[in-house]
Amino acid sequence: MAEQDTTKYIVSTNPHAHSGDSVQRIMLDVIIALIPATLLSFHFFGWHAVRLVTACVVGCVGIEVICRKLMGRDLGITDLSAVVTGLLLAFNLPPSLPCGMALVGCVFAIAIAKQLFGGIGYNPFNPALIGRVALLISFPVAMTKWHAPLNTARWAALNWVDGTTTATPLGAVKTAISMGQPSPVAWGNTSMLNYMLGNMSGCIGEVSALALIVGGLYLLYRRCISWHIPVAYIGTVAAFAAILRILQPDANMPVLFHLLSGGLMLGAIFMATDMVTSPLTKKGMLVFGIGCGLLTMVIRRWGGYPEGVSFAIILMNAITPLINRATRPRVFGRKSVRA
Amino acid sequence: MDINNILITSGAIGGVGLTCGTALALAAKFLAVKEDPRVEAMDEILPGANCGGCGFAGCADYAKAVVLDGAAINLCAPGGNEVLELIAEAMGQEASAEEKRVAVVMCAGDSEKAPRKHLYNGVADCTAAAAVAGGDKLCKYGCLGYGSCARVCPSGAIEFKNGVAIVHPDLCISCSACVRACPRNLIKMVPVSKTIHVVCSSKDKGPIVKKACQVGCIGCRMCLKLAGDAFEMEGFLALRNYDIPVENELIVEKCPGKCIVKCGASEAPSPEATEPTPSEPSTEPAEATTEGQT
Amino acid sequence: MKATKAKFKFDGGIHPAYHKELARDRAIETMPIPALLRVSMSQHLGAPAKPLVKKGDTVKRGQCIGEAAGFISAAVHAPTSGTIKEVGTAPTAMGTSAAFIAIEPDGEDAWIEGLEGIADWQNADTKALIAKVAAAGIAGMGGAGFPTNVKLSPPPDKPIDTLILNGAECEPYLTADHRLMVEHAEQIWTGCQIVRKVLGAKHVHIAIEDNKPEAIAAMEQAMEGADDDASISILKTEYPQGAEKQQIYATTGREVPSGGLPMDVGCVVENVGTTLAVWDAVVNGKPLTERVTTVTGMPVSEPKNVLGRIGIPYSDLLDFCGGLKADVAKIISGGPMMGLAQPGLDATTTKTTSGLLFLAPQETQTFRSMPCIACGRCVGACPMYLVPAELSQMLEAEDYEAAEELNVLDCIECGCCAFACPAHRPLVQHMKQGKSKVMLKRRQAQKK
């Protein structure tokens with residue numbers, strides 16, 4: 001109540017106690033959890049990561065403000081959800097993408113995927129992913145131009161030196177396999193350690209599995225996410241990859257490579273666990289995670305794109321209401337789910 | 001490109017189209033739902049507001065009820081006499097014209113005049129607010145101001161001024177949706193020409209009313225003394241008897257509770273309410289003249 | 001007696017901040033009779049009692065001043081001797097008006113004559129025992145106020161094999177039941193045995209949450225030498241362990257069917273305060289005229305467990321506890337999870353007033369109708385396994401049919417969902433409104 005009338009008491013229905021959690025606090029926790037990955041992206045991609053993160057966060061918040069004003073609603077940016085969307089969108093962009101294109105992604109993410117549906121809570125799809133996919137389809141060349149991480153010495157390099165472009169590990173291996181060539185990437189422990197740390201080409205935020213896992217553990221500790229979606233997602237990918245590897249060792253990549261080299265960690269820990277677009281029940285979350293894992297692997301193995309995390313999550317977002325419906329718990333004292 | 005490919009493709013698509021078209025045509029012939037043409041005609045007559053004021057699910061439902069089940073023909077309030085006559089003609093019945101009725105909120109206790117007893121925190125809906133500790137207004141009969149009536153109004157005729165609902169008579173389509181929505185039963189349907197109302201619904205005794213509201217009926221019976229049968233008492237509350245015109249309009253100023261008001265005077269009134277009829281002396285205020293008509 | 005040490009639990013639930021330390025160690029204090037008592041005629045579930053006295057009458061303590069009107073109803077007795085000042089209506093803690101009898105005490109506090117207990121209750125007739133309970137006007141003192149004599153007379157086709165004594169007191173802040181168990185364990189155990197005899201229940205479970213070790217110890221001591229079918233079930237501290245259905249499930253593993261009563265699964269749950277009242281009624285013949293109420297909260301000068309007569313105005317109750325020492329934003333009759341917020345201190349205590357809680361502005365969380373972000377916390381918290389997130393959105397859109405299909409009527413309004421909701425949505429209010437709308441619709445359908 002805005003009114004400050006000390007002679008009158010507040011009256012509401014029960015309960016009069018509250019856990020003290022808020023949407024804002026959850027979003028703040030997600031931002032905190034993204035800090036390690038953000039810092040590592042700055043380390044690996046230097047100025048370009050700083051530039052993209054700033055552009056996306058400012059762009060998303062700005063577009064949210066404009067949309068809310070146009071719709072005549074209260075701004076509601078204090079819930080920090082636009083900041084989270086901005087960060088996640090930036091994480092999903094290749095380092096050399098121009099800021100203008102990133103802003104187009106912001107418009108898709110906030111204006112079309114979120115506010116057109118009514119704002120926070122009403123969007124059926126993860127806004128950041130819609131932003132990324134819209135960019136991927138609109139600017140296929142710019143969105144698939146990858147660079148090897150910079151040396152720390154060249155941290156402040158403002159432009160990419162010609163010839164530094166390279167494919168992502170997933171892309172390189174997929175191309176090689178499809179052409180029947182030997183894998184261009186070594187499966188040794190050193191390269192896996194590099195993938196773990198993030199010393200590889202890829203989207204600025206997806207490269208460091210370690211930083212993302214640290215962030216995920218923080219979210220688990222804060223109870224912002226439950227283990228169900230990440231574990232089901234990563235577990236399914238691992239199981240699927242293991243089966244493929246056993247059946248056709250030459251035509252498939254090792255399990256650890258699947259887990260670490262692409263956007264799986266970012267997707268499983270931060271994108272698929274987006275509350276609004278994932279199921280309500282624990283059972284539903286498991287179904288959702290398994291579905292994401294299967295679709296990711298199908299796209300990676302048989303699809304046109306080397307990476308399938310974004311499409312997999314968006315497709316599963318679409319059936320989240322169905323999963324909710326199918327996984328409603330049996331009500332206490334009733335035999336069946338329905339009345 | 002091989003010409004065969006083109007032929008096969010067009011043949012296949014044409015075949016699919018032909019099959020589906022035939023199936024649709026057959027379905028239309030055999031599965032057609034026969035609708036009474038009179039019902040359709042009746043549906044055309046009705047205004048299509050789907051307000052539910054007649055008590056049926058919508059205009060189509062009412063049309064069916066009138067034609068097939070012999071429902072009363074005078075239930076469509078938004079349509080007014082015009083529609084009533086058309087229905088009567090179609091049904092071959094006698095139309096008895098009635099004056100248009102509009103909704104009036106029988107409470108004037110706005111946020112300055114009627115204090116609140118607590119700070120309500122919850123769903124912004126009158127029914128919800130009324131269920132929590134009996135509503136947040138000190139007066140347990142007064143308008144809570146959370147807009148349940150305005151939300152159901154199909155014509156946007158209800159506005160909130162200072163926390164109390166006001167119906168614009170010229171926008172009201174007489175559907176009574178607000179009457180059903182108000183948890184405190186404050187809204188009454190009143191003949192449009194009547195503009196003097198007792199805008200209080202408190203059945204409490206005078207002292208309690210005085211404490212709860214500056215514009216409440218204290219049951220002093222002054223209106224009965226000044227305007228006779230145009231008012232009647234129900235317990236400690238004066239009610240307007242709309243069958244009898246108010247002769248002495250002084251009561252509007254004299255009412256000690258300040259709860260007898262003349263509406264339409266300050267706001268834009270509907271033309272019927274203000275136009276003095278030629279038969280009446282023009283010196284009299286417009287209100288009184290129209291009061292006299294019925 | 002068989003001691004049970006297992007930690008019993010139901011599924012769902014929440015862990016609020018309990019704040020029981022405010023009044024937990026304060027022994028029960030008897031409050032002097034105030035200048036005026038206003039006794040409500042509807043202190044129980046069911047039909048209000050019918051007043052038997054009129055203005056000017058003099059009454060004695062324990063005299064029946066309101067008779068039970070109907071099968072589910074309870075008698076009301078004068079809490080002290082004095083003169084009837086008024087028979088009228090006054091606000092209740094529910095916020096509605098109800099019939100009240102105002103008594104001006106004469107200071108003598110004399111009991112009405114002819115009250116006699118059944119000392120040899122072990123060999124007494126069951127019907128006589130039930131009649132004693134009915135005559136004493138006992139209603140469930142845990143909060144719901146279901147007339148106890150009705151609970152004690154289950155139909156013959158519903159045999160009761162288990163009696164559960166509810167000492168969970170899962171509501172934060174409240175300590176009245178805890179103090180009763182610590183200070184009156186023996187009487188409670190006797191009352192419990194009377195109820196057990198009436199019901200013919202083989203098993204007795206004393207259900208106490210593990211945050212009340214003192215109460216557990218006191219009850220263990222009182223039950224020394226009891227048979228092996230009686231045991232203490234230690235419940236894991238979690239809200240709402242005290243809710244009937246959850247408690248039955250936690251202690252026996254039985255699920256009360258939807259829309260059913262505990263007796264459908266052979267159980268009866270009685271609050272510890274109720275059994276104490278049963279002991280007083282049967283052994284001493286005394287009607288229910290007083291109860292223990294916890295007056296607590298950060299702004300209260302001296303939080304206390306007050307033994308007071310029924311009908312004490314809340315303002316007098318607060319004065320007895322030294323008034324306020326800080327600002328108050330919310331006054332709650334009952335506990336913070338299911339209690340009723342009060343517009344002021346005008347209401348009076350009833351047989352079900354377990355607590356009077358004052359919350360400071362900084363502890364008060366307000367509801368905001370923000371959009372649901374589908375976090376699913378309400379789903380995990382709901383002890384009835386409902387999906388409050390979906391239900392509340394349906395109810396906001398006034399889709400009562402869909403809500404009915406998703407079992408909105410099974411909601412027990414415990415408040416777990418709204419407690420857990422990070423969007424601060426007024427979920428319980430949605431449920432309450434939805435339930436009343438669905439019930440209304442069903443009643444209308446029945447009429448047709």
# chains A, B, ... in the order shown; residues from 1 in each chain; ligands from 1
>>> closest_atom_pairs(of="chain A", to="chain C", cutoff="7 Å", atoms="only C-alpha atoms", output="tab-separated table")
residue	atom	partner	partner_atom	distance
A:Tyr9	CA	C:Ala329	CA	5.2
A:Ile10	CA	C:Lys330	CA	5.3
A:Val11	CA	C:Ala341	CA	5.1
A:Ser12	CA	C:Ala341	CA	6.2
A:Thr13	CA	C:Gln429	CA	6.0
A:Asn14	CA	C:Met338	CA	5.3
A:Pro15	CA	C:Met337	CA	4.2
A:His16	CA	C:Pro336	CA	4.8
A:Ala17	CA	C:Pro336	CA	5.6
A:His18	CA	C:Phe419	CA	4.3
A:Ser19	CA	C:Phe419	CA	5.5
A:Asp21	CA	C:Pro422	CA	4.9
A:Ser22	CA	C:Pro422	CA	4.0
A:Val23	CA	C:Pro422	CA	5.3
A:Ile120	CA	C:Ile373	CA	6.9
A:Gly121	CA	C:Ile373	CA	4.3
A:Met275	CA	C:Cys375	CA	4.8
A:Val276	CA	C:Ile373	CA	4.9
A:Leu280	CA	C:Gly376	CA	4.4
A:Thr281	CA	C:Gly376	CA	6.3
A:Pro329	CA	C:Tyr385	CA	6.0
A:Arg330	CA	C:Tyr385	CA	6.5
A:Val331	CA	C:Tyr385	CA	4.9
A:Phe332	CA	C:Met384	CA	4.8
A:Gly333	CA	C:Pro257	CA	4.0
A:Arg334	CA	C:Ser258	CA	5.6
A:Arg338	CA	C:Leu406	CA	6.3
A:Ala339	CA	C:Glu405	CA	5.3
>>> select_by_dssp(residues="stretch 339-421 of chain C", states="alpha helix (DSSP H)", output="PyMOL selection string")
chain C and resi 377-381+388-396+400-405+416-420
>>> write_last_selection(atoms="N, CA and C atoms", output="short mmCIF file (atom, residue, chain, number, x, y, z; two decimals), in the first residue's frame")
data_model
loop_
_atom_site.label_atom_id
_atom_site.label_comp_id
_atom_site.auth_asym_id
_atom_site.auth_seq_id
_atom_site.Cartn_x
_atom_site.Cartn_y
_atom_site.Cartn_z
N ARG C 377 7.25 -22.69 -7.46
CA ARG C 377 7.46 -22.85 -6.02
C ARG C 377 6.17 -23.19 -5.29
N CYS C 378 5.06 -22.63 -5.77
CA CYS C 378 3.78 -22.93 -5.13
C CYS C 378 3.44 -24.41 -5.32
N VAL C 379 3.83 -24.94 -6.47
CA VAL C 379 3.52 -26.35 -6.73
C VAL C 379 4.28 -27.24 -5.74
N GLY C 380 5.54 -26.87 -5.50
CA GLY C 380 6.31 -27.65 -4.54
C GLY C 380 5.83 -27.47 -3.12
N ALA C 381 5.22 -26.31 -2.83
CA ALA C 381 4.82 -26.02 -1.46
C ALA C 381 3.44 -26.56 -1.13
N PRO C 388 -1.19 -24.24 -7.79
CA PRO C 388 -1.76 -22.92 -7.53
C PRO C 388 -1.46 -21.91 -8.64
N ALA C 389 -0.31 -22.04 -9.30
CA ALA C 389 0.04 -21.09 -10.36
C ALA C 389 -1.02 -21.09 -11.45
N GLU C 390 -1.38 -22.29 -11.90
CA GLU C 390 -2.39 -22.39 -12.96
C GLU C 390 -3.75 -21.97 -12.43
N LEU C 391 -4.09 -22.44 -11.23
CA LEU C 391 -5.40 -22.14 -10.67
C LEU C 391 -5.60 -20.64 -10.53
N SER C 392 -4.59 -19.95 -10.01
CA SER C 392 -4.79 -18.53 -9.76
C SER C 392 -4.96 -17.77 -11.06
N GLN C 393 -4.26 -18.23 -12.10
CA GLN C 393 -4.43 -17.53 -13.38
C GLN C 393 -5.81 -17.79 -13.97
N MET C 394 -6.30 -19.01 -13.79
CA MET C 394 -7.67 -19.30 -14.24
C MET C 394 -8.67 -18.46 -13.47
N LEU C 395 -8.46 -18.34 -12.18
CA LEU C 395 -9.42 -17.61 -11.36
C LEU C 395 -9.35 -16.12 -11.64
N GLU C 396 -8.15 -15.63 -11.95
CA GLU C 396 -8.04 -14.22 -12.33
C GLU C 396 -8.84 -13.95 -13.59
N TYR C 400 -14.13 -20.26 -13.84
CA TYR C 400 -14.38 -21.09 -12.66
C TYR C 400 -14.54 -22.56 -13.01
N GLU C 401 -15.02 -22.82 -14.24
CA GLU C 401 -15.19 -24.23 -14.63
C GLU C 401 -13.83 -24.94 -14.69
N ALA C 402 -12.87 -24.25 -15.30
CA ALA C 402 -11.54 -24.85 -15.41
C ALA C 402 -10.94 -25.05 -14.02
N ALA C 403 -11.15 -24.07 -13.14
CA ALA C 403 -10.60 -24.18 -11.79
C ALA C 403 -11.25 -25.32 -11.03
N GLU C 404 -12.54 -25.50 -11.26
CA GLU C 404 -13.24 -26.60 -10.60
C GLU C 404 -12.68 -27.94 -11.07
N GLU C 405 -12.40 -27.99 -12.36
CA GLU C 405 -11.85 -29.22 -12.92
C GLU C 405 -10.47 -29.52 -12.33
N CYS C 416 0.56 -21.82 2.01
CA CYS C 416 1.92 -22.17 1.61
C CYS C 416 2.28 -21.55 0.26
N CYS C 417 1.33 -21.58 -0.68
CA CYS C 417 1.62 -21.10 -2.03
C CYS C 417 1.96 -19.61 -2.02
N ALA C 418 1.13 -18.84 -1.32
CA ALA C 418 1.36 -17.40 -1.30
C ALA C 418 2.61 -17.05 -0.50
N PHE C 419 2.93 -17.88 0.50
CA PHE C 419 4.16 -17.67 1.26
C PHE C 419 5.36 -17.80 0.34
N ALA C 420 5.30 -18.80 -0.55
CA ALA C 420 6.46 -19.10 -1.38
C ALA C 420 6.52 -18.23 -2.63
#
>>> atom_distance(atom1="atom CA of C:Ala75", atom2="atom CA of C:Thr352")
14.0 Å
>>> residues_around(residues="stretch 297-305 of chain A", least_positions_apart="4", cutoff="12 Å", atoms="only C-alpha atoms", output="number ranges by chain")
A: 133, 136-137, 140, 144, 168, 170-175, 177-178, 233-245, 248, 251-253, 255, 258-259, 261-264, 290-293, 309-313, 315
>>> residues_around(residues="C:His19", least_positions_apart="6", cutoff="10 Å", atoms="only C-alpha atoms", output="PDB file with all heavy atoms, in the first residue's frame")
ATOM      1  N   GLU C 171       1.690 -23.371  13.322  1.00  0.00           N
ATOM      2  CA  GLU C 171       1.648 -21.934  13.031  1.00  0.00           C
ATOM      3  C   GLU C 171       2.841 -21.248  13.704  1.00  0.00           C
ATOM      4  O   GLU C 171       3.101 -21.486  14.883  1.00  0.00           O
ATOM      5  CB  GLU C 171       0.348 -21.327  13.594  1.00  0.00           C
ATOM      6  CG  GLU C 171      -0.848 -21.407  12.681  1.00  0.00           C
ATOM      7  CD  GLU C 171      -0.925 -20.265  11.670  1.00  0.00           C
ATOM      8  OE1 GLU C 171       0.017 -19.449  11.606  1.00  0.00           O
ATOM      9  OE2 GLU C 171      -1.932 -20.207  10.943  1.00  0.00           O
ATOM     10  N   PRO C 172       3.547 -20.394  12.975  1.00  0.00           N
ATOM     11  CA  PRO C 172       4.609 -19.630  13.630  1.00  0.00           C
ATOM     12  C   PRO C 172       4.036 -18.776  14.771  1.00  0.00           C
ATOM     13  O   PRO C 172       2.822 -18.553  14.840  1.00  0.00           O
ATOM     14  CB  PRO C 172       5.145 -18.735  12.514  1.00  0.00           C
ATOM     15  CG  PRO C 172       4.783 -19.441  11.257  1.00  0.00           C
ATOM     16  CD  PRO C 172       3.498 -20.137  11.538  1.00  0.00           C
ATOM     17  N   TYR C 173       4.879 -18.331  15.649  1.00  0.00           N
ATOM     18  CA  TYR C 173       4.555 -17.442  16.765  1.00  0.00           C
ATOM     19  C   TYR C 173       3.752 -18.105  17.890  1.00  0.00           C
ATOM     20  O   TYR C 173       3.999 -17.865  19.056  1.00  0.00           O
ATOM     21  CB  TYR C 173       3.772 -16.189  16.309  1.00  0.00           C
ATOM     22  CG  TYR C 173       4.574 -15.180  15.566  1.00  0.00           C
ATOM     23  CD1 TYR C 173       4.611 -15.180  14.179  1.00  0.00           C
ATOM     24  CD2 TYR C 173       5.302 -14.197  16.245  1.00  0.00           C
ATOM     25  CE1 TYR C 173       5.363 -14.235  13.479  1.00  0.00           C
ATOM     26  CE2 TYR C 173       6.055 -13.256  15.555  1.00  0.00           C
ATOM     27  CZ  TYR C 173       6.072 -13.276  14.168  1.00  0.00           C
ATOM     28  OH  TYR C 173       6.806 -12.349  13.485  1.00  0.00           O
ATOM     29  N   LEU C 174       2.739 -18.924  17.543  1.00  0.00           N
ATOM     30  CA  LEU C 174       1.828 -19.408  18.575  1.00  0.00           C
ATOM     31  C   LEU C 174       2.495 -20.435  19.488  1.00  0.00           C
ATOM     32  O   LEU C 174       3.227 -21.311  19.039  1.00  0.00           O
ATOM     33  CB  LEU C 174       0.572 -20.019  17.946  1.00  0.00           C
ATOM     34  CG  LEU C 174      -0.205 -19.097  17.020  1.00  0.00           C
ATOM     35  CD1 LEU C 174      -1.522 -19.726  16.622  1.00  0.00           C
ATOM     36  CD2 LEU C 174      -0.436 -17.736  17.659  1.00  0.00           C
ATOM     37  N   THR C 175       2.211 -20.313  20.783  1.00  0.00           N
ATOM     38  CA  THR C 175       2.815 -21.223  21.753  1.00  0.00           C
ATOM     39  C   THR C 175       1.795 -21.701  22.780  1.00  0.00           C
ATOM     40  O   THR C 175       2.158 -22.308  23.781  1.00  0.00           O
ATOM     41  CB  THR C 175       3.978 -20.529  22.488  1.00  0.00           C
ATOM     42  OG1 THR C 175       3.517 -19.282  23.003  1.00  0.00           O
ATOM     43  CG2 THR C 175       5.148 -20.279  21.568  1.00  0.00           C
ATOM     44  N   THR C 296       1.281 -12.165  21.053  1.00  0.00           N
ATOM     45  CA  THR C 296       2.700 -12.114  20.721  1.00  0.00           C
ATOM     46  C   THR C 296       2.976 -11.213  19.521  1.00  0.00           C
ATOM     47  O   THR C 296       2.070 -10.616  18.957  1.00  0.00           O
ATOM     48  CB  THR C 296       3.223 -13.548  20.461  1.00  0.00           C
ATOM     49  OG1 THR C 296       4.614 -13.511  20.235  1.00  0.00           O
ATOM     50  CG2 THR C 296       2.533 -14.175  19.271  1.00  0.00           C
ATOM     51  N   GLY C 297       4.219 -11.126  19.178  1.00  0.00           N
ATOM     52  CA  GLY C 297       4.658 -10.283  18.079  1.00  0.00           C
ATOM     53  C   GLY C 297       5.736  -9.335  18.560  1.00  0.00           C
ATOM     54  O   GLY C 297       5.789  -9.000  19.748  1.00  0.00           O
ATOM     55  N   MET C 298       6.582  -8.935  17.634  1.00  0.00           N
ATOM     56  CA  MET C 298       7.698  -8.065  17.967  1.00  0.00           C
ATOM     57  C   MET C 298       7.254  -6.761  18.652  1.00  0.00           C
ATOM     58  O   MET C 298       7.902  -6.324  19.616  1.00  0.00           O
ATOM     59  CB  MET C 298       8.479  -7.790  16.677  1.00  0.00           C
ATOM     60  CG  MET C 298       9.900  -7.384  16.876  1.00  0.00           C
ATOM     61  SD  MET C 298       9.976  -5.612  17.053  1.00  0.00           S
ATOM     62  CE  MET C 298       9.856  -5.093  15.341  1.00  0.00           C
TER      63      MET C 298
END
>>> atom_distance(atom1="atom CA of B:Lys100", atom2="atom CA of B:Arg240")
17.6 Å
>>> interface_residues(of="chain B", to="chain C", cutoff="8 Å", atoms="only C-alpha atoms", output="ChimeraX atom specification")
/B:117-118,121-123,128,132-134
>>> select_by_dssp(residues="stretch 50-159 of chain B", states="strand (DSSP E or B)", output="ChimeraX atom specification")
/B:101-105,116,119-120,137,158-159
>>> write_last_selection(atoms="N, CA, C and O atoms", output="CSV table (one decimal), in the first residue's frame")
chain,number,residue,atom,x,y,z
B,101,ARG,N,-34.7,2.3,-18.8
B,101,ARG,CA,-34.1,2.3,-17.4
B,101,ARG,C,-32.6,2.4,-17.5
B,101,ARG,O,-32.0,1.8,-18.3
B,102,VAL,N,-32.1,3.2,-16.6
B,102,VAL,CA,-30.6,3.3,-16.5
B,102,VAL,C,-30.2,2.9,-15.1
B,102,VAL,O,-30.9,3.0,-14.1
B,103,ALA,N,-28.9,2.6,-15.0
B,103,ALA,CA,-28.4,2.2,-13.7
B,103,ALA,C,-28.0,3.4,-12.9
B,103,ALA,O,-27.5,4.4,-13.5
B,104,VAL,N,-28.3,3.4,-11.6
B,104,VAL,CA,-27.9,4.5,-10.8
B,104,VAL,C,-27.2,3.8,-9.5
B,104,VAL,O,-27.7,2.9,-9.0
B,105,VAL,N,-26.1,4.4,-9.1
B,105,VAL,CA,-25.3,3.9,-8.0
B,105,VAL,C,-25.9,4.6,-6.7
B,105,VAL,O,-25.8,5.8,-6.6
B,116,ARG,N,-12.3,5.0,5.3
B,116,ARG,CA,-12.0,3.6,5.3
B,116,ARG,C,-11.6,3.1,6.7
B,116,ARG,O,-11.0,3.9,7.4
B,119,LEU,N,-6.6,-0.6,5.7
B,119,LEU,CA,-5.9,-0.5,4.4
B,119,LEU,C,-6.0,-1.9,3.8
B,119,LEU,O,-5.3,-2.8,4.2
B,120,TYR,N,-6.9,-2.0,2.8
B,120,TYR,CA,-7.1,-3.3,2.2
B,120,TYR,C,-5.9,-3.6,1.2
B,120,TYR,O,-5.4,-2.8,0.5
B,137,LYS,N,-14.4,-0.3,3.8
B,137,LYS,CA,-15.1,1.0,4.1
B,137,LYS,C,-15.7,0.9,5.5
B,137,LYS,O,-16.3,-0.2,5.9
B,158,ILE,N,-19.5,3.3,-16.8
B,158,ILE,CA,-19.3,3.6,-15.4
B,158,ILE,C,-17.9,4.1,-15.2
B,158,ILE,O,-16.9,3.6,-15.7
B,159,GLU,N,-17.9,5.2,-14.4
B,159,GLU,CA,-16.6,5.9,-14.2
B,159,GLU,C,-16.4,6.0,-12.7
B,159,GLU,O,-17.4,5.9,-11.9
>>> atom_distance(atom1="atom CA of A:Phe91", atom2="atom CA of A:Thr277")
18.8 Å
>>> residues_around(residues="stretch 220-226 of chain B", least_positions_apart="5", cutoff="7 Å", atoms="only C-alpha atoms", output="ChimeraX atom specification")
/B:231-232,248,251,255
>>> residues_around(residues="B:Ala63", least_positions_apart="4", cutoff="12 Å", atoms="only C-alpha atoms", output="PyMOL selection string")
chain B and resi 35-48+50+54-59+67-76+87+90-91
>>> write_last_selection(atoms="C-alpha atoms", output="PDB file, in the first residue's frame")
ATOM      1  CA  GLU B  35     -31.746 -23.558 -38.243  1.00  0.00           C
ATOM      2  CA  ASP B  36     -35.124 -21.994 -37.961  1.00  0.00           C
ATOM      3  CA  PRO B  37     -35.091 -19.012 -40.342  1.00  0.00           C
ATOM      4  CA  ARG B  38     -37.163 -17.129 -37.791  1.00  0.00           C
ATOM      5  CA  VAL B  39     -34.379 -17.506 -35.237  1.00  0.00           C
ATOM      6  CA  GLU B  40     -31.928 -16.090 -37.712  1.00  0.00           C
ATOM      7  CA  ALA B  41     -34.241 -13.197 -38.454  1.00  0.00           C
ATOM      8  CA  MET B  42     -34.677 -12.579 -34.731  1.00  0.00           C
ATOM      9  CA  ASP B  43     -30.935 -12.617 -34.243  1.00  0.00           C
ATOM     10  CA  GLU B  44     -30.722  -9.909 -36.904  1.00  0.00           C
ATOM     11  CA  ILE B  45     -33.184  -7.755 -35.006  1.00  0.00           C
ATOM     12  CA  LEU B  46     -31.355  -7.966 -31.687  1.00  0.00           C
ATOM     13  CA  PRO B  47     -28.591  -5.418 -31.156  1.00  0.00           C
ATOM     14  CA  GLY B  48     -25.784  -7.977 -30.838  1.00  0.00           C
ATOM     15  CA  ASN B  50     -24.308  -9.864 -26.011  1.00  0.00           C
ATOM     16  CA  CYS B  54     -31.964 -10.596 -20.699  1.00  0.00           C
ATOM     17  CA  GLY B  55     -30.701 -13.506 -18.615  1.00  0.00           C
ATOM     18  CA  PHE B  56     -29.654 -15.581 -21.626  1.00  0.00           C
ATOM     19  CA  ALA B  57     -26.121 -16.382 -22.721  1.00  0.00           C
ATOM     20  CA  GLY B  58     -26.179 -13.862 -25.545  1.00  0.00           C
ATOM     21  CA  CYS B  59     -28.305 -12.370 -28.298  1.00  0.00           C
ATOM     22  CA  VAL B  67     -38.836 -17.865 -31.188  1.00  0.00           C
ATOM     23  CA  LEU B  68     -38.830 -21.447 -29.957  1.00  0.00           C
ATOM     24  CA  ASP B  69     -39.551 -21.368 -26.232  1.00  0.00           C
ATOM     25  CA  GLY B  70     -41.872 -18.407 -26.094  1.00  0.00           C
ATOM     26  CA  ALA B  71     -39.670 -16.313 -23.832  1.00  0.00           C
ATOM     27  CA  ALA B  72     -40.887 -12.840 -22.950  1.00  0.00           C
ATOM     28  CA  ILE B  73     -40.276 -10.404 -25.791  1.00  0.00           C
ATOM     29  CA  ASN B  74     -39.503  -7.382 -23.643  1.00  0.00           C
ATOM     30  CA  LEU B  75     -36.242  -8.551 -22.109  1.00  0.00           C
ATOM     31  CA  CYS B  76     -33.820  -6.790 -24.418  1.00  0.00           C
ATOM     32  CA  ILE B  87     -39.664  -8.296 -32.061  1.00  0.00           C
ATOM     33  CA  ALA B  90     -41.990 -10.566 -35.928  1.00  0.00           C
ATOM     34  CA  MET B  91     -43.712 -12.590 -33.249  1.00  0.00           C
TER      35      MET B  91
END
